[in-house]
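The file coords-v2.cif comes next; it holds mmCIF, C-alpha atoms and all ligand atoms.
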```
data_work
loop_
_atom_site.label_atom_id
_atom_site.label_comp_id
_atom_site.auth_asym_id
_atom_site.auth_seq_id
_atom_site.Cartn_x
_atom_site.Cartn_y
_atom_site.Cartn_z
CA MET A 1 -8.16 -25.26 -17.75
CA SER A 2 -11.94 -25.27 -17.59
CA ASP A 3 -13.85 -22.08 -17.00
CA GLU A 4 -14.66 -23.31 -13.49
CA GLU A 5 -11.01 -23.57 -12.61
CA LYS A 6 -10.05 -20.13 -13.83
CA PRO A 7 -9.00 -17.58 -11.23
CA ALA A 8 -12.31 -15.96 -10.69
CA GLU A 9 -12.05 -12.63 -8.90
CA ARG A 10 -11.19 -10.69 -12.00
CA ARG A 11 -14.59 -11.65 -13.34
CA ARG A 12 -16.22 -11.09 -10.01
CA MET A 13 -14.95 -7.85 -8.69
CA VAL A 14 -17.41 -5.27 -7.56
CA ARG A 15 -16.60 -2.96 -10.40
CA PRO A 16 -17.94 -3.81 -13.87
CA PRO A 17 -15.69 -5.46 -16.45
CA SER A 18 -13.42 -3.06 -18.27
CA GLY A 19 -13.05 -5.07 -21.43
CA GLY A 20 -9.53 -6.36 -20.96
CA THR A 21 -6.76 -4.97 -18.83
CA ALA A 22 -3.25 -6.11 -18.05
CA ALA A 23 -4.53 -8.72 -15.65
CA GLY A 24 -8.22 -8.59 -16.40
CA ARG A 25 -10.31 -10.72 -18.67
CA GLY A 26 -8.41 -9.47 -21.68
CA MET A 27 -6.37 -12.54 -22.52
CA GLY A 28 -9.20 -14.94 -21.89
CA THR A 29 -11.53 -13.05 -24.21
CA LYS A 30 -9.12 -12.08 -26.96
CA MET A 31 -10.11 -14.91 -29.27
CA LYS A 32 -13.84 -14.33 -28.88
CA THR A 33 -16.01 -12.56 -31.35
CA ALA A 34 -17.64 -9.26 -30.43
CA ASP A 35 -20.94 -11.10 -29.96
CA THR A 36 -19.68 -13.81 -27.62
CA LYS A 37 -17.62 -11.25 -25.75
CA SER A 38 -20.56 -8.95 -25.15
CA MET A 39 -22.67 -11.97 -24.16
CA SER A 40 -20.12 -13.09 -21.59
CA SER A 41 -19.80 -9.51 -20.32
CA GLN A 42 -23.56 -9.39 -19.87
CA GLN A 43 -23.49 -12.69 -18.02
CA TRP A 44 -20.64 -11.37 -15.86
CA ILE A 45 -22.61 -8.23 -15.00
CA LYS A 46 -25.80 -10.22 -14.29
CA ARG A 47 -23.93 -12.64 -12.08
CA GLN A 48 -22.14 -9.78 -10.39
CA LEU A 49 -25.30 -7.87 -9.62
CA SER A 50 -27.06 -10.92 -8.23
CA ASP A 51 -24.10 -12.11 -6.17
CA LYS A 52 -24.77 -11.71 -2.47
CA TRP A 53 -21.12 -11.16 -1.56
CA SER A 54 -20.72 -8.44 -4.19
CA GLU A 55 -23.85 -6.73 -2.92
CA LYS A 56 -22.58 -6.96 0.64
CA ALA A 57 -19.21 -5.57 -0.45
CA ARG A 58 -20.88 -2.59 -2.11
CA ALA A 59 -23.10 -2.00 0.92
CA GLU A 60 -20.21 -2.16 3.40
CA GLY A 61 -17.74 -0.16 1.32
CA TRP A 62 -15.27 -2.94 0.49
CA ARG A 63 -13.59 -2.59 -2.88
CA SER A 64 -14.03 -6.24 -3.77
CA ARG A 65 -15.97 -9.31 -2.67
CA ALA A 66 -12.52 -10.80 -2.05
CA ALA A 67 -12.45 -8.78 1.19
CA PHE A 68 -14.77 -11.35 2.78
CA LYS A 69 -12.35 -14.17 2.07
CA LEU A 70 -9.65 -12.51 4.16
CA ILE A 71 -12.21 -11.56 6.83
CA GLU A 72 -13.25 -15.22 7.10
CA ILE A 73 -9.67 -16.47 7.17
CA ASP A 74 -8.71 -13.89 9.79
CA ASN A 75 -11.80 -14.58 11.93
CA ARG A 76 -10.70 -18.18 12.05
CA PHE A 77 -6.94 -17.82 12.55
CA HIS A 78 -6.43 -14.28 13.95
CA LEU A 79 -3.51 -13.44 11.69
CA ILE A 80 -3.84 -9.64 11.63
CA LYS A 81 -2.78 -8.09 14.93
CA SER A 82 -2.92 -4.50 16.03
CA GLY A 83 0.37 -2.98 14.83
CA SER A 84 1.06 -5.70 12.22
CA ARG A 85 3.19 -5.00 9.18
CA VAL A 86 1.49 -6.50 6.13
CA ILE A 87 2.54 -7.16 2.54
CA ASP A 88 -0.26 -7.72 0.02
CA LEU A 89 0.69 -9.28 -3.34
CA GLY A 90 -1.88 -8.90 -6.13
CA ALA A 91 -3.71 -6.22 -4.15
CA ALA A 92 -6.00 -4.54 -6.71
CA PRO A 93 -8.59 -3.20 -6.30
CA GLY A 94 -7.71 -3.16 -2.58
CA GLY A 95 -10.22 -5.21 -0.59
CA TRP A 96 -7.57 -7.07 1.41
CA VAL A 97 -5.65 -3.85 2.05
CA GLN A 98 -8.83 -2.31 3.48
CA VAL A 99 -9.38 -5.35 5.72
CA ALA A 100 -5.79 -5.33 7.01
CA LEU A 101 -5.99 -1.64 7.90
CA LYS A 102 -9.43 -1.94 9.47
CA ARG A 103 -8.15 -4.77 11.66
CA GLY A 104 -5.31 -2.69 13.05
CA ALA A 105 -2.31 -3.17 10.74
CA LYS A 106 0.05 -0.23 11.16
CA ALA A 107 1.85 -0.59 7.83
CA VAL A 108 0.45 -2.13 4.66
CA VAL A 109 2.29 -2.27 1.35
CA GLY A 110 0.44 -3.62 -1.68
CA VAL A 111 1.51 -4.33 -5.24
CA ASP A 112 -0.43 -5.09 -8.39
CA LEU A 113 0.04 -5.09 -12.14
CA LEU A 114 -2.98 -2.80 -12.20
CA PRO A 115 -3.18 0.67 -10.71
CA ILE A 116 -4.89 0.83 -7.32
CA GLU A 117 -6.84 3.87 -6.16
CA PRO A 118 -5.08 5.29 -3.09
CA ILE A 119 -6.12 3.97 0.32
CA PRO A 120 -5.14 6.19 3.26
CA GLY A 121 -2.62 4.39 5.44
CA ALA A 122 -1.33 2.05 2.72
CA GLU A 123 1.57 2.25 0.27
CA LEU A 124 0.42 0.89 -3.07
CA ILE A 125 2.67 0.32 -6.05
CA GLN A 126 1.94 -0.70 -9.61
CA ALA A 127 4.48 -3.32 -10.68
CA ASP A 128 4.96 -6.96 -11.55
CA PHE A 129 5.96 -8.62 -8.31
CA THR A 130 7.96 -11.25 -10.21
CA HIS A 131 10.29 -8.55 -11.58
CA ALA A 132 13.68 -8.07 -9.96
CA GLY A 133 13.81 -5.42 -7.26
CA VAL A 134 10.07 -5.11 -6.61
CA ASP A 135 10.33 -7.21 -3.43
CA GLN A 136 13.06 -4.94 -2.05
CA GLN A 137 11.07 -1.84 -3.00
CA MET A 138 8.16 -3.18 -0.96
CA MET A 139 10.38 -4.02 2.00
CA ASP A 140 11.82 -0.50 1.97
CA LEU A 141 8.30 0.95 2.02
CA LEU A 142 7.22 -1.37 4.83
CA GLY A 143 10.02 -0.21 7.12
CA GLY A 144 10.58 -3.55 8.84
CA ALA A 145 10.05 -7.29 8.50
CA PRO A 146 6.43 -8.24 7.79
CA ASP A 147 4.24 -10.05 10.32
CA LEU A 148 1.97 -11.21 7.52
CA VAL A 149 2.43 -11.82 3.79
CA LEU A 150 -0.75 -12.13 1.74
CA SER A 151 -0.94 -13.24 -1.87
CA ASP A 152 -4.17 -13.25 -3.84
CA MET A 153 -2.22 -13.04 -7.12
CA ALA A 154 -4.04 -14.59 -10.06
CA HIS A 155 -2.59 -14.56 -13.56
CA ASN A 156 -4.41 -14.17 -16.84
CA THR A 157 -5.33 -17.63 -18.00
CA VAL A 158 -4.23 -18.46 -21.53
CA GLY A 159 -6.57 -21.44 -21.91
CA HIS A 160 -3.77 -24.00 -22.17
CA ARG A 161 -4.13 -26.25 -19.13
CA GLN A 162 -0.45 -27.04 -18.55
CA THR A 163 0.72 -23.48 -19.16
CA ASP A 164 -1.92 -22.09 -16.81
CA HIS A 165 -1.05 -24.66 -14.20
CA LEU A 166 2.65 -23.79 -14.35
CA LYS A 167 1.83 -20.10 -14.00
CA ILE A 168 -0.34 -20.70 -10.94
CA ILE A 169 2.36 -22.74 -9.23
CA ALA A 170 5.05 -20.21 -10.19
CA LEU A 171 3.14 -17.36 -8.51
CA ILE A 172 2.60 -19.41 -5.35
CA GLU A 173 6.29 -20.37 -5.24
CA ILE A 174 7.46 -16.80 -5.71
CA ALA A 175 5.11 -15.54 -2.99
CA ALA A 176 6.08 -18.38 -0.62
CA ASP A 177 9.78 -17.79 -1.22
CA PHE A 178 9.35 -14.10 -0.43
CA ALA A 179 7.39 -14.91 2.74
CA ILE A 180 10.02 -17.39 3.94
CA ARG A 181 12.83 -14.90 3.29
CA THR A 182 11.23 -11.89 4.93
CA LEU A 183 8.68 -12.85 7.60
CA LYS A 184 9.43 -12.32 11.26
CA PRO A 185 9.63 -15.49 13.34
CA GLY A 186 6.02 -16.25 14.29
CA GLY A 187 4.76 -14.53 11.11
CA HIS A 188 2.09 -15.88 8.79
CA PHE A 189 1.57 -16.40 5.05
CA VAL A 190 -1.69 -16.70 3.10
CA SER A 191 -1.77 -17.60 -0.58
CA LYS A 192 -4.42 -18.24 -3.16
CA ASN A 193 -4.16 -21.72 -4.62
CA PHE A 194 -6.32 -23.94 -6.80
CA GLN A 195 -7.63 -27.43 -6.01
CA GLY A 196 -6.06 -29.96 -8.31
CA GLY A 197 -2.96 -27.79 -8.75
CA ASP A 198 0.19 -29.67 -7.84
CA ALA A 199 1.58 -27.41 -5.16
CA GLY A 200 3.34 -30.40 -3.56
CA GLY A 201 6.84 -28.92 -3.64
CA VAL A 202 5.87 -25.61 -2.14
CA LEU A 203 3.62 -27.31 0.41
CA ALA A 204 6.49 -29.46 1.65
CA ARG A 205 8.69 -26.40 2.00
CA LEU A 206 6.00 -24.46 3.86
CA ARG A 207 5.55 -27.38 6.26
CA GLU A 208 9.25 -27.24 7.04
CA GLU A 209 9.30 -23.49 7.57
CA PHE A 210 5.98 -22.98 9.42
CA GLU A 211 4.51 -24.72 12.45
CA THR A 212 1.06 -25.17 10.87
CA VAL A 213 -0.12 -25.25 7.25
CA LYS A 214 -3.78 -25.52 6.31
CA TYR A 215 -5.98 -25.38 3.24
CA VAL A 216 -9.09 -23.22 3.59
CA LYS A 217 -12.10 -22.71 1.32
CA PRO A 218 -13.92 -19.62 2.63
CA GLU A 219 -17.72 -19.49 2.42
CA SER A 220 -17.39 -16.37 0.29
CA SER A 221 -15.29 -18.20 -2.31
CA ARG A 222 -17.63 -19.46 -4.99
CA LYS A 223 -18.55 -23.11 -4.60
CA ASP A 224 -18.07 -23.69 -8.32
CA SER A 225 -14.54 -22.27 -8.23
CA ALA A 226 -11.48 -24.44 -7.59
CA GLU A 227 -10.01 -21.63 -5.51
CA VAL A 228 -8.66 -22.48 -2.06
CA PHE A 229 -6.25 -20.67 0.25
CA LEU A 230 -3.07 -21.94 1.80
CA VAL A 231 -2.61 -20.60 5.32
CA ALA A 232 0.87 -21.09 6.78
CA MET A 233 1.15 -20.02 10.42
CA ASN A 234 3.98 -19.29 12.81
CA ARG A 235 7.15 -18.98 10.82
CA ARG A 236 9.76 -21.02 12.65
C1 LIG B 301 -8.00 -11.73 -7.26
S1 LIG B 301 -7.25 -10.23 -7.66
C2 LIG B 301 -6.85 -9.59 -6.06
C3 LIG B 301 -8.00 -9.07 -5.27
C4 LIG B 301 -7.56 -8.40 -3.98
N1 LIG B 301 -7.07 -9.39 -3.02
C5 LIG B 301 -8.64 -7.62 -3.31
O1 LIG B 301 -8.98 -7.91 -2.18
O2 LIG B 301 -9.18 -6.68 -3.90
C6 LIG B 301 -5.73 -10.81 -8.27
C7 LIG B 301 -4.74 -9.73 -8.65
O3 LIG B 301 -3.45 -10.30 -8.86
C8 LIG B 301 -2.77 -9.43 -9.71
N2 LIG B 301 -1.53 -10.03 -10.20
C9 LIG B 301 -1.39 -11.15 -10.95
N3 LIG B 301 -0.11 -11.39 -11.22
C10 LIG B 301 0.61 -10.39 -10.61
C11 LIG B 301 2.00 -10.08 -10.53
N4 LIG B 301 2.91 -10.84 -11.15
N5 LIG B 301 2.39 -8.98 -9.84
C12 LIG B 301 1.45 -8.21 -9.23
N6 LIG B 301 0.12 -8.46 -9.27
C13 LIG B 301 -0.30 -9.54 -9.94
C14 LIG B 301 -3.80 -9.15 -10.79
O4 LIG B 301 -3.49 -7.98 -11.52
C15 LIG B 301 -5.07 -9.04 -9.97
O5 LIG B 301 -5.43 -7.70 -9.73
#
```
Go ahead and express the file in the form of structure tokens.
Amino acid sequence: MSDEEKPAERRRMVRPPSGGTAAGRGMGTKMKTADTKSMSSQQWIKRQLSDKWSEKARAEGWRSRAAFKLIEIDNRFHLIKSGSRVIDLGAAPGGWVQVALKRGAKAVVGVDLLPIEPIPGAELIQADFTHAGVDQQMMDLLGGAPDLVLSDMAHNTVGHRQTDHLKIIALIEIAADFAIRTLKPGGHFVSKNFQGGDAGGVLARLREEFETVKYVKPESSRKDSAEVFLVAMNRR
């Protein structure tokens, strides 16, 4: 997988790079020398500081530039309703959780491999969503079927194209399967995806289970990134 195709937020979050966390840049940088690593960290910081969406996120109090992607998607499709129950998969550092709450969600449960600083009004757990029982734990915390399932999950790339591709598709499938099992009729599902990724199987299933399925590339998603979002609306 080329650098352009790598899931990008981890390099682009508002906070500075931490030098390798469970889901951070750690795996991608492991093989690098101290010199190349510090060079790429410097480039990351420079890019971060000059990025208009990151600046805007800092100014407006969003925890990540990713917040604008959900804002754009929601402005277009009106997925978050006052009183919605929302599940957020891959929620750290919490930009999407903030957006869901700000737009009127009454219950938001987020999960991430990484710890998330508390956000009043949300239940946030640190766990691997692909592990058995985590989905049920989230459902118990939510207190009812979700109206909206969000997944911005992005794995650590290992640099081997086929392996990375399989991991991307696996996360989308797991998130889609959860959404199909749990969403209320009329509910919606949003998932990060990557152009060129063969999500054909999951796409076909989503088209069967939802009235409308669209691909969206928000303005705030970097042009040079292959990231796109799948938006599946109105669970049948
Ligand atoms: C792009 S970031 C999410 C940004 C978030 N939407 C926001 O607005 O701040 C992707 C997140 O997915 C998480 N992730 C990846 N695989 C995961 C898994 N199996 N279970 C839980 N979280 C996962 C990563 O730890 C990472 O924090």
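The spacing separating CA of Ile174 (chain A) from CA of Trp53 (chain A) amounts to 29.4 Å.
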Surroundings of ligand LIG 301 (chain B) up to 7 Å, based on all atoms listed in the file, as a count of residues only
31
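In this structure, CA of Lys69 (chain A) sits 23.7 Å away from CA of Lys184 (chain A).
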With distances taken over only C-alpha atoms, which residue among A:Met233, A:Ala179, A:Ala199, A:Ile80 lies nearest Leu166 (chain A)?
A:Ala199
Could you please give me, as a short mmCIF file (atom, residue, chain, number, x, y, z; two decimals) with C-alpha atoms, in the coordinates of the input, the residues of protein, DNA or RNA lying at most 9 Å from (2.5, -18.5, -7.6) in the coordinate frame of the file, considering only C-alpha atoms?
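Heads up, here's the output in result38.cif:
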```cif
data_model
loop_
_atom_site.label_atom_id
_atom_site.label_comp_id
_atom_site.auth_asym_id
_atom_site.auth_seq_id
_atom_site.Cartn_x
_atom_site.Cartn_y
_atom_site.Cartn_z
CA SER A 151 -0.94 -13.24 -1.87
CA MET A 153 -2.22 -13.04 -7.12
CA ALA A 154 -4.04 -14.59 -10.06
CA HIS A 155 -2.59 -14.56 -13.56
CA LEU A 166 2.65 -23.79 -14.35
CA LYS A 167 1.83 -20.10 -14.00
CA ILE A 168 -0.34 -20.70 -10.94
CA ILE A 169 2.36 -22.74 -9.23
CA ALA A 170 5.05 -20.21 -10.19
CA LEU A 171 3.14 -17.36 -8.51
CA ILE A 172 2.60 -19.41 -5.35
CA GLU A 173 6.29 -20.37 -5.24
CA ILE A 174 7.46 -16.80 -5.71
CA ALA A 175 5.11 -15.54 -2.99
CA ALA A 176 6.08 -18.38 -0.62
CA SER A 191 -1.77 -17.60 -0.58
CA LYS A 192 -4.42 -18.24 -3.16
CA ASN A 193 -4.16 -21.72 -4.62
#
```
Given only C-alpha atoms as the counted atoms, nearest of A:Gly200, A:Asp147, A:Pro218, A:Glu60 to Ala100 (chain A):
A:Asp147
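Pairwise distance (CA of Leu203 (chain A), CA of Ser225 (chain A)) equals 20.7 Å.
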Out of A:Ser84, A:Thr157, A:Gln98, A:Gln137, which residue has the shortest atom-to-atom distance to Pro118 (chain A) when counting all atoms listed in the file?
A:Gln98
